[in-house]
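J.: Quick one, data_23.txt (compact mmCIF, C-alpha atoms):
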# COMPACT_ATOMS: atom_id res chain seq x y z
CA MET A 1 13.21 6.37 -9.36
CA THR A 2 16.55 5.35 -7.95
CA THR A 3 17.73 3.50 -11.02
CA MET A 4 20.89 5.55 -11.32
CA ALA A 5 23.85 3.55 -12.49
CA ARG A 6 25.79 4.49 -9.39
CA SER A 7 25.03 6.42 -6.25
CA ASP A 8 27.46 8.51 -4.26
CA SER A 9 28.89 6.75 -1.26
CA GLY A 10 30.85 7.85 1.79
CA TRP A 11 30.76 11.46 2.94
CA ALA A 12 29.35 12.83 -0.33
CA ALA A 13 26.21 10.73 0.15
CA LEU A 14 25.69 12.03 3.68
CA ARG A 15 25.07 15.68 2.85
CA GLN A 16 21.28 15.32 2.79
CA PRO A 17 21.11 13.25 6.00
CA ALA A 18 23.33 15.86 7.67
CA LEU A 19 21.00 18.67 6.56
CA ILE A 20 17.95 16.80 7.86
CA ALA A 21 19.70 16.06 11.15
CA ALA A 22 20.72 19.71 11.53
CA GLY A 23 17.13 20.81 10.90
CA GLY A 24 15.76 18.32 13.41
CA ALA A 25 18.35 19.26 16.01
CA ALA A 26 17.64 22.97 15.55
CA LEU A 27 13.92 22.34 16.09
CA ALA A 28 14.64 20.25 19.19
CA VAL A 29 16.90 22.95 20.66
CA ALA A 30 14.29 25.63 19.94
CA LEU A 31 11.58 23.54 21.64
CA HIS A 32 13.91 22.77 24.53
CA LEU A 33 14.50 26.45 25.20
CA ARG A 34 11.08 27.92 24.40
CA ASP A 35 8.48 25.94 26.33
CA PRO A 36 5.34 25.28 24.21
CA ASN A 37 3.37 24.72 27.43
CA VAL A 38 3.43 28.51 27.85
CA ALA A 39 0.39 29.99 26.10
CA GLY A 40 1.34 32.10 23.11
CA SER A 41 4.91 30.84 22.99
CA TRP A 42 4.60 29.24 19.55
CA GLY A 43 1.27 30.47 18.20
CA PRO A 44 -0.79 33.62 18.56
CA ALA A 45 -1.77 34.12 22.21
CA GLY A 46 -5.24 32.77 22.90
CA ILE A 47 -5.36 30.93 19.56
CA GLY A 48 -2.39 28.63 19.52
CA LEU A 49 -0.69 26.98 16.56
CA CYS A 50 -3.37 24.50 15.50
CA PRO A 51 -6.16 25.92 13.29
CA PHE A 52 -8.29 22.80 13.86
CA HIS A 53 -8.18 23.26 17.62
CA ALA A 54 -8.77 27.00 17.28
CA VAL A 55 -11.93 26.47 15.22
CA THR A 56 -13.44 23.34 16.78
CA GLY A 57 -11.92 23.27 20.27
CA LEU A 58 -11.19 19.56 19.69
CA TRP A 59 -7.74 17.97 19.72
CA CYS A 60 -6.27 17.12 16.34
CA PRO A 61 -3.84 14.16 16.09
CA GLY A 62 -0.89 16.57 16.14
CA CYS A 63 -2.01 18.66 19.12
CA GLY A 64 0.52 18.43 21.94
CA GLY A 65 3.26 17.42 19.52
CA LEU A 66 5.50 20.38 20.27
CA ARG A 67 4.96 19.86 24.00
CA ALA A 68 5.87 16.17 23.61
CA VAL A 69 9.16 17.08 21.90
CA HIS A 70 9.84 19.71 24.58
CA HIS A 71 9.40 17.09 27.32
CA LEU A 72 11.53 14.58 25.40
CA THR A 73 14.41 17.08 25.30
CA HIS A 74 14.06 17.45 29.08
CA MET A 75 13.89 13.65 29.49
CA GLU A 76 10.43 13.92 31.05
CA TRP A 77 9.18 10.69 29.51
CA GLY A 78 5.80 10.52 31.24
CA ALA A 79 4.89 14.09 30.31
CA ALA A 80 6.01 13.46 26.74
CA LEU A 81 3.77 10.38 26.45
CA THR A 82 0.68 12.12 27.82
CA SER A 83 1.25 15.21 25.65
CA ASN A 84 1.13 13.28 22.39
CA VAL A 85 2.00 9.60 22.36
CA LEU A 86 1.98 9.48 18.54
CA THR A 87 4.66 12.17 18.39
CA VAL A 88 6.89 10.17 20.74
CA VAL A 89 6.48 7.11 18.49
CA LEU A 90 7.07 9.28 15.41
CA VAL A 91 10.29 10.74 16.81
CA ALA A 92 11.56 7.25 17.60
CA LEU A 93 10.65 6.00 14.11
CA LEU A 94 12.30 9.01 12.45
CA VAL A 95 15.52 8.42 14.40
CA VAL A 96 15.56 4.75 13.34
CA ALA A 97 14.73 5.65 9.71
CA TRP A 98 17.48 8.28 9.72
CA GLY A 99 20.03 5.78 11.00
CA ARG A 100 19.03 3.27 8.36
CA TRP A 101 19.20 5.97 5.68
CA VAL A 102 22.70 6.99 6.72
CA HIS A 103 23.79 3.34 6.73
CA LEU A 104 22.44 2.72 3.21
CA ARG A 105 23.87 5.91 1.75
CA TRP A 106 27.27 5.41 3.36
CA GLN A 107 27.48 2.10 1.52
CA GLY A 108 26.49 3.76 -1.75
CA LEU A 109 23.17 1.94 -1.93
CA PRO A 110 20.28 3.79 -3.57
CA ALA A 111 18.22 5.58 -0.91
CA ARG A 112 16.97 8.84 -2.36
CA ARG A 113 14.56 9.52 0.49
CA MET A 114 14.75 8.82 4.19
CA LEU A 115 11.30 7.34 4.50
CA VAL A 116 8.92 5.88 1.92
CA LEU A 117 5.49 4.56 2.88
CA THR A 118 3.75 1.90 0.83
CA PRO A 119 -0.03 2.30 0.35
CA THR A 120 -0.62 -0.30 3.08
CA ALA A 121 1.62 1.57 5.50
CA SER A 122 -0.07 4.86 4.59
CA MET A 123 -3.48 3.41 5.37
CA ALA A 124 -2.17 2.04 8.67
CA VAL A 125 -0.78 5.47 9.61
CA LEU A 126 -3.98 7.28 8.67
CA SER A 127 -6.17 4.72 10.48
CA THR A 128 -4.06 5.02 13.62
CA MET A 129 -4.30 8.81 13.46
CA ALA A 130 -8.07 8.64 12.97
CA VAL A 131 -8.61 6.30 15.94
CA PHE A 132 -6.22 8.36 18.09
CA THR A 133 -8.10 11.55 17.21
CA VAL A 134 -11.45 10.08 18.22
CA VAL A 135 -10.22 8.47 21.43
CA ARG A 136 -8.30 11.49 22.76
CA ASN A 137 -11.42 13.63 22.36
CA LEU A 138 -13.60 11.20 24.38
CA PRO A 139 -13.84 11.33 28.19
CA VAL A 140 -12.34 7.82 28.46
CA GLY A 141 -9.37 8.89 26.36
CA ALA A 142 -8.66 12.09 28.25
CA PHE A 143 -5.28 10.72 29.28
CA LEU A 144 -4.28 10.88 25.60
CA ALA A 145 -5.19 14.57 25.32
CA PRO A 146 -2.46 17.17 25.90
CA MET B 147 20.25 14.74 -5.09
CA THR B 148 23.04 13.56 -7.28
CA ALA B 149 23.72 15.10 -10.69
CA MET B 150 22.21 13.01 -13.43
CA PRO B 151 23.34 12.78 -17.01
CA PRO B 152 20.47 13.63 -19.37
CA PRO B 153 18.52 10.52 -20.35
CA PRO B 154 19.56 9.16 -23.73
CA SER B 155 17.41 10.43 -26.56
CA GLN B 156 15.38 8.08 -28.71
CA PRO B 157 17.66 6.17 -31.10
CA PRO B 158 16.81 7.49 -34.58
CA SER B 159 16.99 4.01 -36.11
CA GLN B 160 13.95 2.85 -34.12
CA PRO B 161 10.84 4.97 -34.79
CA VAL B 162 9.04 4.02 -31.58
CA PRO B 163 5.70 5.74 -30.93
CA ALA B 164 6.11 8.54 -28.42
CA PRO B 165 5.44 7.33 -24.88
CA GLN B 166 2.40 8.74 -23.12
CA GLN B 167 4.37 9.69 -20.04
CA PRO B 168 6.70 12.67 -20.34
CA ALA B 169 9.27 10.96 -18.10
CA GLY B 170 9.39 8.15 -15.61
CA ARG B 171 10.90 9.97 -12.66
CA TYR B 172 8.57 11.40 -10.03
CA ALA B 173 9.11 15.08 -9.31
CA THR B 174 10.61 15.68 -5.88
CA TRP B 175 8.63 17.36 -3.11
CA GLY B 176 11.13 20.22 -3.22
CA SER B 177 10.61 21.01 -6.91
CA ARG B 178 6.82 20.81 -6.44
CA ALA B 179 7.05 23.14 -3.45
CA ILE B 180 9.10 25.71 -5.38
CA ALA B 181 6.65 25.56 -8.31
CA TRP B 182 3.79 26.08 -5.82
CA LEU B 183 5.59 29.07 -4.30
CA ILE B 184 6.12 30.63 -7.76
CA ASP B 185 2.42 30.25 -8.62
CA GLY B 186 1.48 31.54 -5.19
CA ALA B 187 3.77 34.56 -5.49
CA ILE B 188 2.05 35.69 -8.70
CA VAL B 189 -1.42 35.31 -7.15
CA GLY B 190 -0.23 36.95 -3.94
CA ALA B 191 1.22 39.94 -5.79
CA ILE B 192 -2.04 40.61 -7.68
CA ALA B 193 -4.26 40.02 -4.65
CA GLY B 194 -1.90 42.01 -2.42
CA VAL B 195 -2.23 45.15 -4.55
CA GLY B 196 -6.00 44.66 -4.53
CA ILE B 197 -6.13 44.32 -0.74
CA MET B 198 -3.96 47.43 -0.38
CA MET B 199 -6.35 49.43 -2.58
CA VAL B 200 -9.33 48.26 -0.50
CA ALA B 201 -7.42 49.25 2.63
CA VAL B 202 -6.75 52.70 1.14
CA ALA B 203 -10.45 53.06 0.34
CA ALA B 204 -11.36 52.05 3.88
CA ALA B 205 -8.85 54.49 5.34
CA GLY B 206 -10.27 57.26 3.15
CA THR B 207 -13.80 56.52 4.37
CA ALA B 208 -12.59 56.57 7.97
CA ALA B 209 -10.87 59.91 7.39
CA VAL B 210 -14.08 61.37 5.95
CA SER B 211 -16.14 60.22 8.91
CA GLU B 212 -13.63 61.95 11.17
CA GLY B 213 -14.13 65.14 9.22
CA ALA B 214 -10.60 65.20 7.83
CA GLY B 215 -11.51 64.27 4.25
CA ASN B 216 -10.50 66.10 1.09
CA ALA B 217 -12.86 67.64 -1.47
CA GLU B 218 -14.06 64.44 -3.22
CA PRO B 219 -12.81 61.58 -1.07
CA GLY B 220 -15.95 59.53 -1.47
CA ALA B 221 -15.62 59.15 -5.23
CA ALA B 222 -11.88 58.39 -5.07
CA GLY B 223 -12.47 55.85 -2.30
CA GLY B 224 -15.18 54.19 -4.38
CA VAL B 225 -12.83 53.86 -7.35
CA PHE B 226 -10.14 52.34 -5.16
CA LEU B 227 -12.67 49.95 -3.61
CA VAL B 228 -13.96 48.74 -6.98
CA LEU B 229 -10.47 48.46 -8.48
CA GLY B 230 -9.18 46.63 -5.40
CA LEU B 231 -12.03 44.12 -5.33
CA GLY B 232 -11.64 43.72 -9.09
CA LEU B 233 -7.94 42.92 -8.73
CA TYR B 234 -8.77 40.41 -6.01
CA ALA B 235 -11.22 38.72 -8.37
CA VAL B 236 -8.55 38.78 -11.09
CA ALA B 237 -6.16 36.99 -8.72
CA ILE B 238 -8.69 34.24 -8.07
CA GLY B 239 -9.48 33.96 -11.76
CA PHE B 240 -5.80 33.84 -12.65
CA ASN B 241 -5.26 31.04 -10.15
CA LEU B 242 -8.19 29.05 -11.53
CA TRP B 243 -6.68 29.41 -15.00
CA ASN B 244 -3.03 28.86 -14.07
CA GLN B 245 -3.16 26.05 -11.50
CA GLY B 246 -6.49 24.76 -12.78
CA TRP B 247 -7.22 24.98 -16.49
CA ARG B 248 -3.69 25.51 -17.85
CA GLN B 249 -2.26 22.76 -15.66
CA GLY B 250 -5.04 20.41 -16.72
CA GLU B 251 -4.62 21.10 -20.43
CA THR B 252 -0.80 21.19 -20.63
CA GLY B 253 0.25 19.45 -17.41
CA GLN B 254 1.97 22.60 -16.22
CA SER B 255 1.16 25.73 -14.29
CA ILE B 256 3.62 28.61 -14.77
CA GLY B 257 5.55 27.47 -11.70
CA LYS B 258 5.67 23.89 -12.94
CA SER B 259 6.94 24.94 -16.37
CA VAL B 260 9.74 26.86 -14.63
CA MET B 261 10.58 23.75 -12.59
CA LYS B 262 10.14 21.45 -15.65
CA ILE B 263 7.63 19.15 -13.97
CA SER B 264 4.17 18.04 -15.16
CA VAL B 265 0.93 16.68 -13.73
CA ILE B 266 -0.38 13.63 -15.58
CA ARG B 267 -3.08 11.07 -14.89
CA ASP B 268 -2.26 7.48 -13.96
CA THR B 269 -2.92 6.66 -17.61
CA GLY B 270 -0.17 9.04 -18.73
CA GLU B 271 -2.57 11.56 -20.28
CA PHE B 272 -3.14 15.15 -19.24
CA MET B 273 -6.16 15.81 -17.04
CA GLY B 274 -7.89 18.31 -19.28
CA GLY B 275 -9.02 21.73 -18.14
CA GLY B 276 -12.15 20.64 -16.31
CA LEU B 277 -10.47 18.05 -14.13
CA GLY B 278 -7.55 20.48 -13.73
CA ILE B 279 -9.87 22.97 -12.04
CA GLY B 280 -11.44 20.11 -10.09
CA ARG B 281 -8.01 19.05 -8.80
CA LEU B 282 -7.32 22.64 -7.72
CA LEU B 283 -10.59 22.80 -5.79
CA VAL B 284 -9.88 19.42 -4.15
CA ASN B 285 -6.50 20.82 -3.08
CA TRP B 286 -8.16 23.90 -1.59
CA ILE B 287 -10.62 21.80 0.42
CA VAL B 288 -8.35 18.94 1.47
CA GLY B 289 -5.28 21.13 1.95
CA GLY B 290 -7.31 23.70 3.82
CA ALA B 291 -8.61 21.04 6.18
CA CYS B 292 -5.22 19.46 6.80
CA ALA B 293 -1.75 20.66 5.82
CA LEU B 294 -0.57 17.03 5.77
CA ASN B 295 -1.99 16.98 2.22
CA TYR B 296 0.93 19.10 1.03
CA LEU B 297 3.53 17.25 3.12
CA TRP B 298 2.40 13.76 2.11
CA PRO B 299 4.61 13.56 -1.05
CA LEU B 300 7.64 13.64 1.28
CA TRP B 301 7.11 10.00 2.26
CA ASP B 302 4.56 8.69 -0.25
CA ASP B 303 5.86 5.93 -2.49
CA ARG B 304 4.37 7.67 -5.56
CA VAL B 305 5.14 11.17 -4.27
CA GLN B 306 1.41 12.01 -4.20
CA THR B 307 -0.63 14.49 -2.19
CA TRP B 308 -4.03 13.33 -0.98
CA ALA B 309 -5.58 15.42 -3.76
CA ASP B 310 -3.39 13.53 -6.24
CA LYS B 311 -4.74 10.25 -4.90
CA ILE B 312 -8.34 11.46 -5.08
CA VAL B 313 -8.12 12.49 -8.75
CA SER B 314 -5.54 9.81 -9.72
CA THR B 315 -2.70 12.08 -10.78
CA ILE B 316 1.06 11.97 -10.41
CA VAL B 317 3.69 14.68 -10.93
CA VAL B 318 6.71 13.74 -13.01
CA GLU B 319 9.82 15.41 -14.35
CA THR B 320 9.14 16.64 -17.87
CA ALA B 321 11.28 15.10 -20.59
CA PRO B 322 13.68 17.68 -22.09
If you took the structure in this file and wrote it as structure tokens, what would it be?

T.:
Amino acid sequence: MTTMARSDSGWAALRQPALIAAGGAALAVALHLRDPNVAGSWGPAGIGLCPFHAVTGLWCPGCGGLRAVHHLTHMEWGAALTSNVLTVVLVALLVVAWGRWVHLRWQGLPARRMLVLTPTASMAVLSTMAVFTVVRNLPVGAFLAP
Amino acid sequence: MTAMPPPPSQPPSQPVPAPQQPAGRYATWGSRAIAWLIDGAIVGAIAGVGIMMVAVAAAGTAAVSEGAGNAEPGAAGGVFLVLGLGLYAVAIGFNLWNQGWRQGETGQSIGKSVMKISVIRDTGEFMGGGLGIGRLLVNWIVGGACALNYLWPLWDDRVQTWADKIVSTIVVETAP
């Protein structure tokens, strides 16, 4: 895919990372200001944003994700972890991946996308999500539920 | 994305058999998303008119029951109802043809031909109409259950949705 003879380097290569960062920052600011803990703040009142939760009443692996980001922006680490621990890990991974991406592109190295998962990594991610989903819906895993 | 010079055409001195794959580069998530939006807009326009006609028919029936109907509102409402439901069926049928059969036979829905990208099997061949419709149905089920299906190409090493993985297809940029 990235077999171009030469890639842009320097500022020209950083346009995409800048766009992604701006998008992420905008989302973080929005979640900082509009608290997703308030019912109806981000989804229809009484239904919420997650169709899986609306239909089954169970927690999906993403449930509590917005709340986790909200708490992260307020530096409430404990609340962030209990809202959705996977989201906290994901945010950390995305920040690291973004930094690495910027570093590679600044040097003109080929890095078309910020993050690319191999099949093994994909299976690991999906397995983790599956286990997390089961555990957070069990009584013993209630501390993982938002 | 950086601007790319067009890939060099086949040297005329070497008559190499045409490669099975249209092109080696995977289509980006963005171009697939735009193609999907184009296809969806066509379906949405047809279905939208149909839903509006059903709504008009329903409103007419309500008006009649309130005693405010015109001379022959029942017949007009019935026509609107049938036409509206018919259009809705046409929208579904169009989608089955466009994103199902057509895409299976030629590799491209209308949206994908606009974006110059194609769906091919791992083997480099087109799916064929039957599997094309099958892939569409898998997308409806898997994508309906979890939207991650449509986001997965963003970080997948082969730029695949889960439906792509299930039916062993990839989406590539079509050779000019």

J.: Please, which residues in chain B fall within 6 Å of chain A when counting all atoms listed in the file, and what is the closest atom pair and distance in Å to one decimal for each, ordered by chain then residue number, as JSON lines?

T.:
{"residue": "B:Arg171", "atom": "CA", "partner": "A:Met1", "partner_atom": "CA", "distance": 5.4}
{"residue": "B:Trp301", "atom": "CA", "partner": "A:Val116", "partner_atom": "CA", "distance": 4.5}
{"residue": "B:Asp302", "atom": "CA", "partner": "A:Leu117", "partner_atom": "CA", "distance": 5.3}
{"residue": "B:Asp303", "atom": "CA", "partner": "A:Val116", "partner_atom": "CA", "distance": 5.4}

J.: Just want the 10 Å neighbourhood of Ala173 of chain B, counted on all atoms listed in the file, with same-chain residues fewer than 4 positions away dropped. Output as a short mmCIF file (atom, residue, chain, number, x, y, z; two decimals) with C-alpha atoms, keeping the file's coordinate frame.

T.:
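Written out: around.cif:
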data_model
loop_
_atom_site.label_atom_id
_atom_site.label_comp_id
_atom_site.auth_asym_id
_atom_site.auth_seq_id
_atom_site.Cartn_x
_atom_site.Cartn_y
_atom_site.Cartn_z
CA MET A 1 13.21 6.37 -9.36
CA ALA B 169 9.27 10.96 -18.10
CA SER B 177 10.61 21.01 -6.91
CA ARG B 178 6.82 20.81 -6.44
CA MET B 261 10.58 23.75 -12.59
CA LYS B 262 10.14 21.45 -15.65
CA ILE B 263 7.63 19.15 -13.97
CA SER B 264 4.17 18.04 -15.16
CA VAL B 265 0.93 16.68 -13.73
CA PRO B 299 4.61 13.56 -1.05
CA ARG B 304 4.37 7.67 -5.56
CA VAL B 305 5.14 11.17 -4.27
CA GLN B 306 1.41 12.01 -4.20
CA ILE B 316 1.06 11.97 -10.41
CA VAL B 317 3.69 14.68 -10.93
CA VAL B 318 6.71 13.74 -13.01
CA GLU B 319 9.82 15.41 -14.35
CA THR B 320 9.14 16.64 -17.87
#

J.: Would you work out the distance separating atom CA of Ser83 of chain A from atom CA of Ala68 of chain A, expressed in Å to one decimal?

T.: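 That distance, rounded to one decimal, is 5.1 Å.
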
J.: So which residues fall inside 7 Å of (-4.0, 20.2, -21.4) if we count only C-alpha atoms? Mind giving them as a list in words?

T.: Arg248, Gln249, Gly250, Glu251, Thr252, Gly253, Phe272, Met273, Gly274 and Gly275 of chain B

J.: Could you tell me which of B:Tyr234, B:Trp243, B:Tyr296, B:Trp286 comes closest to Ala191 of chain B if we count only C-alpha atoms?

T.: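 Of the candidates, the smallest distance to Ala191 of chain B is held by B:Tyr234.
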
J.: Using Å and a single decimal, report how far atom CA of Leu66 of chain A sits from atom CA of Thr133 of chain A.

T.: 16.5 Å

J.: Fewer than 3 positions away in the same chain doesn't count, so skip those; otherwise give me all residues within 12 Å of Val200 of chain B, counting all atoms listed in the file, as a ChimeraX atom specification.

T.: /B:193-197,203-207,222-234

J.: May I have the protein, DNA and RNA residues with any atom at most 12 Å from the point (5.0, 16.9, 8.4), counting only C-alpha atoms, written as a PDB file with C-alpha atoms, keeping the file's coordinate frame?

T.:
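What landed in out_27.pdb:
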ATOM      1  CA  GLY A  24      15.760  18.320  13.410  1.00  0.00           C
ATOM      2  CA  GLY A  62      -0.890  16.570  16.140  1.00  0.00           C
ATOM      3  CA  GLY A  65       3.260  17.420  19.520  1.00  0.00           C
ATOM      4  CA  THR A  87       4.660  12.170  18.390  1.00  0.00           C
ATOM      5  CA  LEU A  90       7.070   9.280  15.410  1.00  0.00           C
ATOM      6  CA  VAL A  91      10.290  10.740  16.810  1.00  0.00           C
ATOM      7  CA  LEU A  94      12.300   9.010  12.450  1.00  0.00           C
TER       8      LEU A  94
ATOM      9  CA  CYS B 292      -5.220  19.460   6.800  1.00  0.00           C
ATOM     10  CA  ALA B 293      -1.750  20.660   5.820  1.00  0.00           C
ATOM     11  CA  LEU B 294      -0.570  17.030   5.770  1.00  0.00           C
ATOM     12  CA  ASN B 295      -1.990  16.980   2.220  1.00  0.00           C
ATOM     13  CA  TYR B 296       0.930  19.100   1.030  1.00  0.00           C
ATOM     14  CA  LEU B 297       3.530  17.250   3.120  1.00  0.00           C
ATOM     15  CA  TRP B 298       2.400  13.760   2.110  1.00  0.00           C
ATOM     16  CA  PRO B 299       4.610  13.560  -1.050  1.00  0.00           C
ATOM     17  CA  LEU B 300       7.640  13.640   1.280  1.00  0.00           C
ATOM     18  CA  TRP B 301       7.110  10.000   2.260  1.00  0.00           C
ATOM     19  CA  ASP B 302       4.560   8.690  -0.250  1.00  0.00           C
TER      20      ASP B 302
END

J.: Can you write out as CSV which residues of segment 9-86 of chain A fall within 9 Å of segment 101-109 of chain A, alongside each residue's closest atom pair and its distance in Å to one decimal, counting only C-alpha atoms and ordering rows by chain and ascending residue number?

T.:
residue,atom,partner,partner_atom,distance
A:Ser9,CA,A:Gly108,CA,3.9
A:Gly10,CA,A:Trp106,CA,4.6
A:Trp11,CA,A:Trp106,CA,7.0
A:Ala12,CA,A:Trp106,CA,8.5
A:Ala13,CA,A:Arg105,CA,5.6
A:Leu14,CA,A:Val102,CA,6.6
A:Pro17,CA,A:Val102,CA,6.5
A:Ala18,CA,A:Val102,CA,8.9

J.: Go ahead and compute the interatomic distance for atom CA of Ser255 of chain B and atom CA of Ile180 of chain B, in Å to one decimal.

T.: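 Pair atom CA of Ser255 of chain B / atom CA of Ile180 of chain B returns 11.9 Å.
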
J.: Applying 8 Å and all atoms listed in the file, which residues near Leu72 of chain A remain after dropping the ones on its own chain fewer than 5 positions away? List them as a PyMOL selection string.

T.: chain A and resi 77+80+88

J.: Which of these residues is nearest to His53 of chain A, using all atoms listed in the file: A:Thr128, A:Ser41, A:Asn137, A:Thr82?

T.: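 Between A:Thr128, A:Ser41, A:Asn137, A:Thr82, the residue approaching His53 of chain A most closely is A:Asn137.
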
J.: Reconstruct N, CA and C atoms of segment 89-114 of chain A; output as a CSV table (one decimal), in the frame of the given file.

T.:
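Contents of the output file rebuild-v1.csv:
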chain,number,residue,atom,x,y,z
A,89,VAL,N,6.2,8.2,19.4
A,89,VAL,CA,6.5,7.1,18.5
A,89,VAL,C,7.1,7.6,17.2
A,90,LEU,N,6.6,8.7,16.7
A,90,LEU,CA,7.1,9.3,15.4
A,90,LEU,C,8.5,9.7,15.5
A,91,VAL,N,8.9,10.3,16.6
A,91,VAL,CA,10.3,10.7,16.8
A,91,VAL,C,11.2,9.5,16.8
A,92,ALA,N,10.8,8.5,17.5
A,92,ALA,CA,11.6,7.2,17.6
A,92,ALA,C,11.7,6.6,16.2
A,93,LEU,N,10.6,6.6,15.5
A,93,LEU,CA,10.6,6.0,14.1
A,93,LEU,C,11.6,6.8,13.2
A,94,LEU,N,11.5,8.1,13.3
A,94,LEU,CA,12.3,9.0,12.4
A,94,LEU,C,13.8,8.8,12.7
A,95,VAL,N,14.1,8.6,14.0
A,95,VAL,CA,15.5,8.4,14.4
A,95,VAL,C,16.0,7.1,13.8
A,96,VAL,N,15.2,6.1,13.9
A,96,VAL,CA,15.6,4.8,13.3
A,96,VAL,C,15.7,4.9,11.8
A,97,ALA,N,14.7,5.5,11.2
A,97,ALA,CA,14.7,5.6,9.7
A,97,ALA,C,16.0,6.4,9.3
A,98,TRP,N,16.3,7.5,10.1
A,98,TRP,CA,17.5,8.3,9.7
A,98,TRP,C,18.8,7.4,9.8
A,99,GLY,N,18.9,6.6,10.8
A,99,GLY,CA,20.0,5.8,11.0
A,99,GLY,C,20.2,4.8,9.8
A,100,ARG,N,19.0,4.2,9.5
A,100,ARG,CA,19.0,3.3,8.4
A,100,ARG,C,19.4,4.0,7.0
A,101,TRP,N,18.9,5.2,6.9
A,101,TRP,CA,19.2,6.0,5.7
A,101,TRP,C,20.7,6.3,5.6
A,102,VAL,N,21.3,6.7,6.7
A,102,VAL,CA,22.7,7.0,6.7
A,102,VAL,C,23.5,5.7,6.4
A,103,HIS,N,23.1,4.6,7.0
A,103,HIS,CA,23.8,3.3,6.7
A,103,HIS,C,23.8,3.0,5.2
A,104,LEU,N,22.6,3.1,4.6
A,104,LEU,CA,22.4,2.7,3.2
A,104,LEU,C,23.3,3.6,2.3
A,105,ARG,N,23.2,4.9,2.6
A,105,ARG,CA,23.9,5.9,1.8
A,105,ARG,C,25.4,5.8,1.9
A,106,TRP,N,25.8,5.6,3.1
A,106,TRP,CA,27.3,5.4,3.4
A,106,TRP,C,27.8,4.3,2.5
A,107,GLN,N,27.0,3.2,2.3
A,107,GLN,CA,27.5,2.1,1.5
A,107,GLN,C,27.3,2.3,0.0
A,108,GLY,N,26.7,3.5,-0.3
A,108,GLY,CA,26.5,3.8,-1.8
A,108,GLY,C,25.3,3.1,-2.3
A,109,LEU,N,24.4,2.6,-1.4
A,109,LEU,CA,23.2,1.9,-1.9
A,109,LEU,C,22.1,3.0,-2.2
A,110,PRO,N,21.2,2.8,-3.2
A,110,PRO,CA,20.3,3.8,-3.6
A,110,PRO,C,19.2,4.0,-2.5
A,111,ALA,N,19.2,5.2,-1.9
A,111,ALA,CA,18.2,5.6,-0.9
A,111,ALA,C,18.0,7.1,-1.1
A,112,ARG,N,17.2,7.4,-2.0
A,112,ARG,CA,17.0,8.8,-2.4
A,112,ARG,C,16.3,9.6,-1.2
A,113,ARG,N,15.3,8.9,-0.6
A,113,ARG,CA,14.6,9.5,0.5
A,113,ARG,C,14.7,8.7,1.8
A,114,MET,N,14.6,9.4,2.9
A,114,MET,CA,14.8,8.8,4.2
A,114,MET,C,13.7,7.8,4.5
